[in-house]
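Novice: File follows, run.cif with mmCIF, C-alpha atoms and all ligand atoms:
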data_run
#
loop_
_atom_site.label_atom_id
_atom_site.label_comp_id
_atom_site.auth_asym_id
_atom_site.auth_seq_id
_atom_site.Cartn_x
_atom_site.Cartn_y
_atom_site.Cartn_z
CA MET A 1 -74.95 156.02 -48.14
CA ALA A 2 -71.29 155.40 -47.48
CA GLY A 3 -69.45 153.00 -49.70
CA VAL A 4 -67.83 150.97 -46.99
CA ALA A 5 -71.08 150.08 -45.27
CA VAL A 6 -72.51 149.08 -48.62
CA ILE A 7 -69.58 146.77 -49.31
CA ALA A 8 -70.10 145.01 -46.02
CA LEU A 9 -73.82 144.77 -46.58
CA ASN A 10 -73.38 143.11 -49.91
CA LEU A 11 -70.62 140.92 -48.70
CA TRP A 12 -72.74 139.47 -45.92
CA LYS A 13 -76.18 140.18 -47.33
CA ARG A 14 -77.30 142.27 -44.42
CA PRO A 15 -81.09 142.07 -44.70
CA ALA A 16 -81.88 145.72 -43.98
CA ALA A 17 -80.04 146.87 -47.06
CA GLN A 18 -80.81 144.36 -49.75
CA ALA A 19 -81.70 147.18 -52.08
CA ALA A 20 -78.31 148.82 -51.73
CA LYS A 21 -76.13 148.70 -54.81
CA PRO A 22 -72.45 147.88 -54.55
CA SER A 23 -70.10 150.80 -54.85
CA PRO A 24 -66.41 151.27 -54.11
CA PRO A 25 -65.43 152.78 -50.77
CA LYS A 26 -65.64 156.53 -50.94
CA PRO A 27 -63.19 158.39 -48.70
CA LEU A 28 -64.66 161.65 -47.43
CA ARG A 29 -61.35 163.36 -46.86
CA ASP A 30 -57.76 162.17 -46.67
CA GLY A 31 -58.77 158.57 -46.33
CA ALA A 32 -61.36 159.28 -43.64
CA GLN A 33 -64.64 157.49 -44.13
CA ASP A 34 -68.18 158.03 -43.01
CA LEU A 35 -67.71 156.53 -39.56
CA PRO A 36 -71.28 156.96 -38.31
CA SER A 37 -72.57 154.67 -41.04
CA ILE A 38 -69.75 152.18 -40.52
CA VAL A 39 -70.42 151.85 -36.80
CA ALA A 40 -74.22 151.84 -37.18
CA ILE A 41 -75.71 148.58 -35.93
CA ASP A 42 -78.76 146.64 -37.08
CA ASP A 43 -82.03 148.09 -35.83
CA ALA A 44 -82.95 144.89 -34.05
CA ALA A 45 -79.56 144.45 -32.40
CA GLU A 46 -79.24 145.21 -28.73
CA VAL A 47 -76.06 147.12 -27.92
CA ARG A 48 -73.61 144.98 -25.98
CA PRO A 49 -71.94 146.41 -22.88
CA TRP A 50 -68.59 146.93 -24.60
CA GLU A 51 -65.69 147.56 -22.23
CA TYR A 52 -62.57 146.92 -24.29
CA LEU A 53 -61.06 147.55 -27.67
CA VAL A 54 -58.77 144.70 -28.69
CA ILE A 55 -56.27 145.41 -31.45
CA HIS A 56 -54.90 142.70 -33.73
CA HIS A 57 -52.73 142.41 -36.79
CA SER A 58 -53.42 139.69 -39.31
CA ALA A 59 -49.78 138.52 -39.22
CA SER A 60 -50.06 138.17 -42.98
CA VAL A 61 -48.80 140.36 -45.80
CA ARG A 62 -52.23 140.58 -47.38
CA GLY A 63 -55.87 139.93 -46.61
CA SER A 64 -59.33 141.41 -46.28
CA ALA A 65 -62.49 141.08 -44.23
CA GLN A 66 -63.72 138.66 -46.86
CA SER A 67 -60.64 136.44 -46.89
CA PHE A 68 -60.51 136.33 -43.07
CA ASP A 69 -64.20 135.48 -43.07
CA GLN A 70 -63.51 132.46 -45.25
CA TYR A 71 -60.50 131.49 -43.17
CA HIS A 72 -62.46 131.69 -39.93
CA ARG A 73 -65.28 129.61 -41.40
CA GLN A 74 -62.74 126.96 -42.37
CA ARG A 75 -61.71 126.88 -38.71
CA GLY A 76 -65.30 126.15 -37.76
CA TRP A 77 -66.18 129.60 -36.44
CA GLN A 78 -69.32 131.43 -37.43
CA GLY A 79 -67.62 133.68 -39.92
CA LEU A 80 -65.36 136.65 -39.41
CA GLY A 81 -64.20 136.65 -35.80
CA TYR A 82 -63.32 140.36 -35.72
CA HIS A 83 -65.81 143.18 -35.58
CA PHE A 84 -63.77 145.43 -37.85
CA VAL A 85 -61.01 144.93 -40.41
CA ILE A 86 -58.80 147.75 -41.70
CA GLY A 87 -57.18 147.08 -45.06
CA ASN A 88 -53.59 147.79 -46.10
CA GLY A 89 -54.08 148.18 -49.84
CA THR A 90 -53.58 144.52 -50.77
CA ASP A 91 -56.94 142.76 -50.81
CA GLN A 92 -58.78 145.60 -49.08
CA GLY A 93 -58.18 149.28 -49.68
CA ASP A 94 -55.46 151.00 -47.68
CA GLY A 95 -57.14 152.42 -44.58
CA VAL A 96 -60.58 151.17 -45.61
CA ILE A 97 -62.62 149.98 -42.64
CA ILE A 98 -65.09 147.14 -43.08
CA ALA A 99 -67.49 146.14 -40.34
CA GLY A 100 -68.57 142.52 -40.17
CA PRO A 101 -71.83 140.82 -39.20
CA ARG A 102 -70.76 140.39 -35.59
CA TRP A 103 -70.67 144.15 -35.30
CA TYR A 104 -73.96 144.80 -37.06
CA GLN A 105 -75.67 142.17 -34.95
CA GLN A 106 -73.74 143.08 -31.80
CA GLU A 107 -72.45 139.56 -31.32
CA ALA A 108 -69.45 138.47 -29.30
CA GLY A 109 -66.21 138.21 -31.23
CA ALA A 110 -63.97 135.21 -31.80
CA HIS A 111 -60.54 136.79 -31.67
CA ALA A 112 -59.20 137.04 -28.14
CA HIS A 113 -58.87 133.49 -26.76
CA SER A 114 -60.69 134.83 -23.71
CA THR A 115 -64.38 134.77 -22.90
CA LEU A 116 -64.24 138.16 -21.22
CA TYR A 117 -62.50 139.88 -24.11
CA ASN A 118 -64.59 138.12 -26.74
CA GLU A 119 -67.82 139.02 -24.95
CA ARG A 120 -66.89 142.56 -23.92
CA GLY A 121 -64.19 143.49 -26.38
CA ILE A 122 -64.58 145.01 -29.82
CA GLY A 123 -62.11 143.16 -32.06
CA ILE A 124 -60.29 145.29 -34.62
CA CYS A 125 -57.83 143.69 -37.03
CA LEU A 126 -55.38 145.58 -39.21
CA VAL A 127 -54.15 143.70 -42.24
CA GLY A 128 -50.37 143.28 -42.17
CA ASN A 129 -47.54 141.74 -40.20
CA PHE A 130 -46.38 144.35 -37.71
CA GLU A 131 -43.58 142.17 -36.48
CA GLU A 132 -42.00 143.00 -39.84
CA LYS A 133 -43.02 146.61 -40.39
CA PRO A 134 -45.46 149.18 -39.00
CA PRO A 135 -49.04 149.71 -40.24
CA THR A 136 -49.51 152.13 -43.13
CA GLU A 137 -50.27 155.77 -42.42
CA ALA A 138 -53.75 155.34 -43.84
CA GLN A 139 -54.38 152.36 -41.58
CA MET A 140 -53.35 154.32 -38.49
CA ALA A 141 -55.44 157.33 -39.53
CA ALA A 142 -58.47 155.08 -39.96
CA LEU A 143 -57.78 153.21 -36.72
CA ASN A 144 -57.33 156.43 -34.76
CA GLU A 145 -60.70 157.70 -35.93
CA LEU A 146 -62.47 154.41 -35.37
CA VAL A 147 -61.02 153.91 -31.90
CA LEU A 148 -61.79 157.46 -30.88
CA LYS A 149 -65.35 157.11 -32.12
CA LEU A 150 -65.94 153.79 -30.36
CA SER A 151 -64.27 154.88 -27.14
CA ARG A 152 -66.55 157.90 -27.01
CA MET A 153 -69.68 155.92 -27.90
CA TYR A 154 -69.09 153.25 -25.26
CA LYS A 155 -67.08 155.28 -22.76
CA ILE A 156 -64.05 153.03 -23.05
CA ASP A 157 -60.97 154.35 -21.23
CA ALA A 158 -57.56 154.42 -22.87
CA GLU A 159 -56.43 151.73 -20.40
CA HIS A 160 -59.05 149.42 -21.87
CA ILE A 161 -57.59 149.72 -25.36
CA VAL A 162 -55.40 146.66 -25.48
CA GLY A 163 -53.26 144.70 -27.87
CA HIS A 164 -53.97 141.01 -28.19
CA ASN A 165 -50.62 140.23 -26.55
CA GLN A 166 -51.56 142.23 -23.43
CA ILE A 167 -54.45 139.93 -22.70
CA ARG A 168 -52.74 136.74 -23.77
CA ARG A 169 -49.24 137.15 -22.48
CA GLY A 170 -46.69 134.80 -23.90
CA GLY A 171 -49.25 133.34 -26.26
CA THR A 172 -49.01 135.75 -29.14
CA LEU A 173 -46.92 138.56 -30.60
CA CYS A 174 -50.07 140.18 -31.99
CA PRO A 175 -50.37 143.05 -32.92
CA GLY A 176 -46.61 143.05 -33.47
CA ARG A 177 -43.69 145.03 -32.10
CA PHE A 178 -44.04 147.80 -34.69
CA PHE A 179 -47.62 148.54 -33.76
CA PRO A 180 -47.67 151.93 -31.93
CA MET A 181 -49.94 150.96 -29.04
CA ALA A 182 -48.66 153.65 -26.67
CA ASP A 183 -49.31 156.35 -29.28
CA LEU A 184 -52.82 155.09 -29.91
CA ARG A 185 -53.70 155.18 -26.23
CA GLU A 186 -52.09 158.55 -25.73
CA ARG A 187 -54.07 159.99 -28.59
CA VAL A 188 -57.35 158.69 -27.20
CA ARG A 189 -56.43 159.97 -23.74
CA ALA A 190 -55.75 163.41 -25.18
CA LEU A 191 -58.78 163.67 -27.44
CA ARG A 192 -61.55 161.84 -25.68
ZN ZN B 1 -54.51 138.88 -32.44
#
Using the file provided, produce a representation of the structure as structure tokens.
Specialist:
Amino acid sequence: MAGVAVIALNLWKRPAAQAAKPSPPKPLRDGAQDLPSIVAIDDAAEVRPWEYLVIHHSASVRGSAQSFDQYHRQRGWQGLGYHFVIGNGTDQGDGVIIAGPRWYQQEAGAHAHSTLYNERGIGICLVGNFEEKPPTEAQMAALNELVLKLSRMYKIDAEHIVGHNQIRRGGTLCPGRFFPMADLRERVRALR
């Protein structure tokens, strides 16, 4: 079983995998991970009708799925508001993808300040402040694979891959001016 999924399971005590032992994330090749196991959902969970992929940056130098989970709980939310977090090598490995409980259980996110995009949008957060500098290469490699996988699984068009600022104009700089949104969409358009 892939390391990343196991990390998330232990982190949030996902019931189906209580027997799983913790192990460090295990890249399969050049930072790529076992995406099928990362995007696998709980057996009991009913797949939501996903229509959007919403990209965020954390606007912080460091962080991890675990630290954002704690932060979001402090704000009164039910844990990690994103469905996926991609680390930058600070508190979570560079390019390591962690899926949270909202993904496993196919629950709405708490990331978009919009009912539509929370209910129908898969929230992906990259650790870092992309107003200051771009994401790492490993983060973009991981994001490209994840986005391609999800867009194929749920038939999400490139136009429906959006940055937080595109759905909340004027309200946020997220995911930052150095985030290569046009490239991401172009890549999905070309490969899907
Ligand atoms: Zn955001």
Novice: Can you work out which one of A:Gly81, A:Ala65, A:Thr115, A:Ala141 has the shortest atom-to-atom distance to Ile98 in chain A, counting only C-alpha atoms?
Specialist: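 Distance minimum relative to Ile98 in chain A lands on A:Ala65.
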Novice: Just the residues within 7 Å of Trp103 in chain A, please, counting all atoms listed in the file, with nothing from its chain fewer than 4 positions along; format it as a PyMOL selection string.
Specialist: chain A and resi 41+83+99+107
Novice: Of the candidates A:Val54, A:Asn144, A:Gln66, A:Gln106, which shows the shortest atom-to-atom distance to Val162 in chain A, using all atoms listed in the file?
Specialist: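 For Val162 in chain A, the nearest of the given residues is A:Val54.
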Novice: Would you mind listing what lies within 9 Å of Val147 in chain A as a VMD selection string, with only C-alpha atoms counted and same-chain residues fewer than 2 positions away left out?
Specialist: chain A and resid 53 142 to 145 149 to 152 161 184 188
Novice: Find the distance between CA of Ser67 in chain A and CA of Gly123 in chain A and write it in Å to one decimal.
Specialist: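 Pair CA of Ser67 in chain A / CA of Gly123 in chain A returns 16.3 Å.
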Novice: My list of candidates is A:Thr90, A:Ser114, A:Ser58, A:Gln74. Which is closest to ligand ZN 1 (chain B) when distances are computed with only C-alpha atoms and all ligand atoms?
Specialist: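 The answer is A:Ser58, which sits nearest to ligand ZN 1 (chain B).
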Novice: One decimal, in Å: what's the spacing between CA of Gly109 in chain A and CA of Ala190 in chain A?
Specialist: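 Straight-line distance from CA of Gly109 in chain A to CA of Ala190 in chain A works out to 27.9 Å.
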Novice: At a cut-off of 12 Å, using all atoms listed in the file, what residues contact Trp77 in chain A? Leave out same-chain residues fewer than 3 positions from it and give the result as an MDAnalysis selection string.
Specialist: chainID A and resid 68:74 80:82 102 108:111
Novice: Determine the nearest neighbour of ligand ZN 1 (chain B) from the options A:Gln92, A:Ser60, A:Gln139, A:Ser37, counting all atoms listed in the file.
Specialist: A:Ser60
Novice: Hey, which of A:Phe84, A:Ala59, A:Glu137, A:Tyr117 ends up closest to ligand ZN 1 (chain B)? Count all atoms listed in the file.
Specialist: A:Ala59
Novice: Between CA of Val47 in chain A and CA of Lys155 in chain A, what is the distance in Å, rounded to a tenth?
Specialist: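 Computing the Euclidean distance for CA of Val47 in chain A and CA of Lys155 in chain A yields 13.2 Å.
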Novice: Between A:Gly89, A:Gly100, A:Gly163, A:Gly121, which is the closest to Pro135 in chain A once you count all atoms listed in the file?
Specialist: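 That would be A:Gly89, the residue with the smallest distance to Pro135 in chain A.
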Novice: Give me, as a ChimeraX atom specification, the set of residues whose atoms come within 10 Å of any atom of ligand ZN 1 (chain B), counting all atoms listed in the file.
Specialist: /A:54-59,82,111-113,123-126,163-165,167-168,171-176
Novice: Would you save the residues of that selection, restricted to C-alpha atoms, as a PDB file, in the coordinates of the input?
Specialist:
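Produced file again_8.pdb, reproduced below:
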ATOM      1  CA  VAL A  54     -58.770 144.700 -28.690  1.00  0.00           C
ATOM      2  CA  ILE A  55     -56.270 145.410 -31.450  1.00  0.00           C
ATOM      3  CA  HIS A  56     -54.900 142.700 -33.730  1.00  0.00           C
ATOM      4  CA  HIS A  57     -52.730 142.410 -36.790  1.00  0.00           C
ATOM      5  CA  SER A  58     -53.420 139.690 -39.310  1.00  0.00           C
ATOM      6  CA  ALA A  59     -49.780 138.520 -39.220  1.00  0.00           C
ATOM      7  CA  TYR A  82     -63.320 140.360 -35.720  1.00  0.00           C
ATOM      8  CA  HIS A 111     -60.540 136.790 -31.670  1.00  0.00           C
ATOM      9  CA  ALA A 112     -59.200 137.040 -28.140  1.00  0.00           C
ATOM     10  CA  HIS A 113     -58.870 133.490 -26.760  1.00  0.00           C
ATOM     11  CA  GLY A 123     -62.110 143.160 -32.060  1.00  0.00           C
ATOM     12  CA  ILE A 124     -60.290 145.290 -34.620  1.00  0.00           C
ATOM     13  CA  CYS A 125     -57.830 143.690 -37.030  1.00  0.00           C
ATOM     14  CA  LEU A 126     -55.380 145.580 -39.210  1.00  0.00           C
ATOM     15  CA  GLY A 163     -53.260 144.700 -27.870  1.00  0.00           C
ATOM     16  CA  HIS A 164     -53.970 141.010 -28.190  1.00  0.00           C
ATOM     17  CA  ASN A 165     -50.620 140.230 -26.550  1.00  0.00           C
ATOM     18  CA  ILE A 167     -54.450 139.930 -22.700  1.00  0.00           C
ATOM     19  CA  ARG A 168     -52.740 136.740 -23.770  1.00  0.00           C
ATOM     20  CA  GLY A 171     -49.250 133.340 -26.260  1.00  0.00           C
ATOM     21  CA  THR A 172     -49.010 135.750 -29.140  1.00  0.00           C
ATOM     22  CA  LEU A 173     -46.920 138.560 -30.600  1.00  0.00           C
ATOM     23  CA  CYS A 174     -50.070 140.180 -31.990  1.00  0.00           C
ATOM     24  CA  PRO A 175     -50.370 143.050 -32.920  1.00  0.00           C
ATOM     25  CA  GLY A 176     -46.610 143.050 -33.470  1.00  0.00           C
TER      26      GLY A 176
END
Novice: Taking (-55.2, 157.6, -21.1) in the file's own coordinates, collect the residues within 6 Å, counting only C-alpha atoms, and hand them back as an MDAnalysis selection string.
Specialist: chainID A and resid 158 185:186 189
Novice: Quick one: residues within 6 Å of range 95-97 of chain A, all atoms listed in the file, excluding same-chain residues fewer than 2 positions away - as a list in words?
Specialist: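 What passes the distance filter is Val85, Ile86, Gly87, Gly93, Ala138, Gln139 and Ala142 of chain A.
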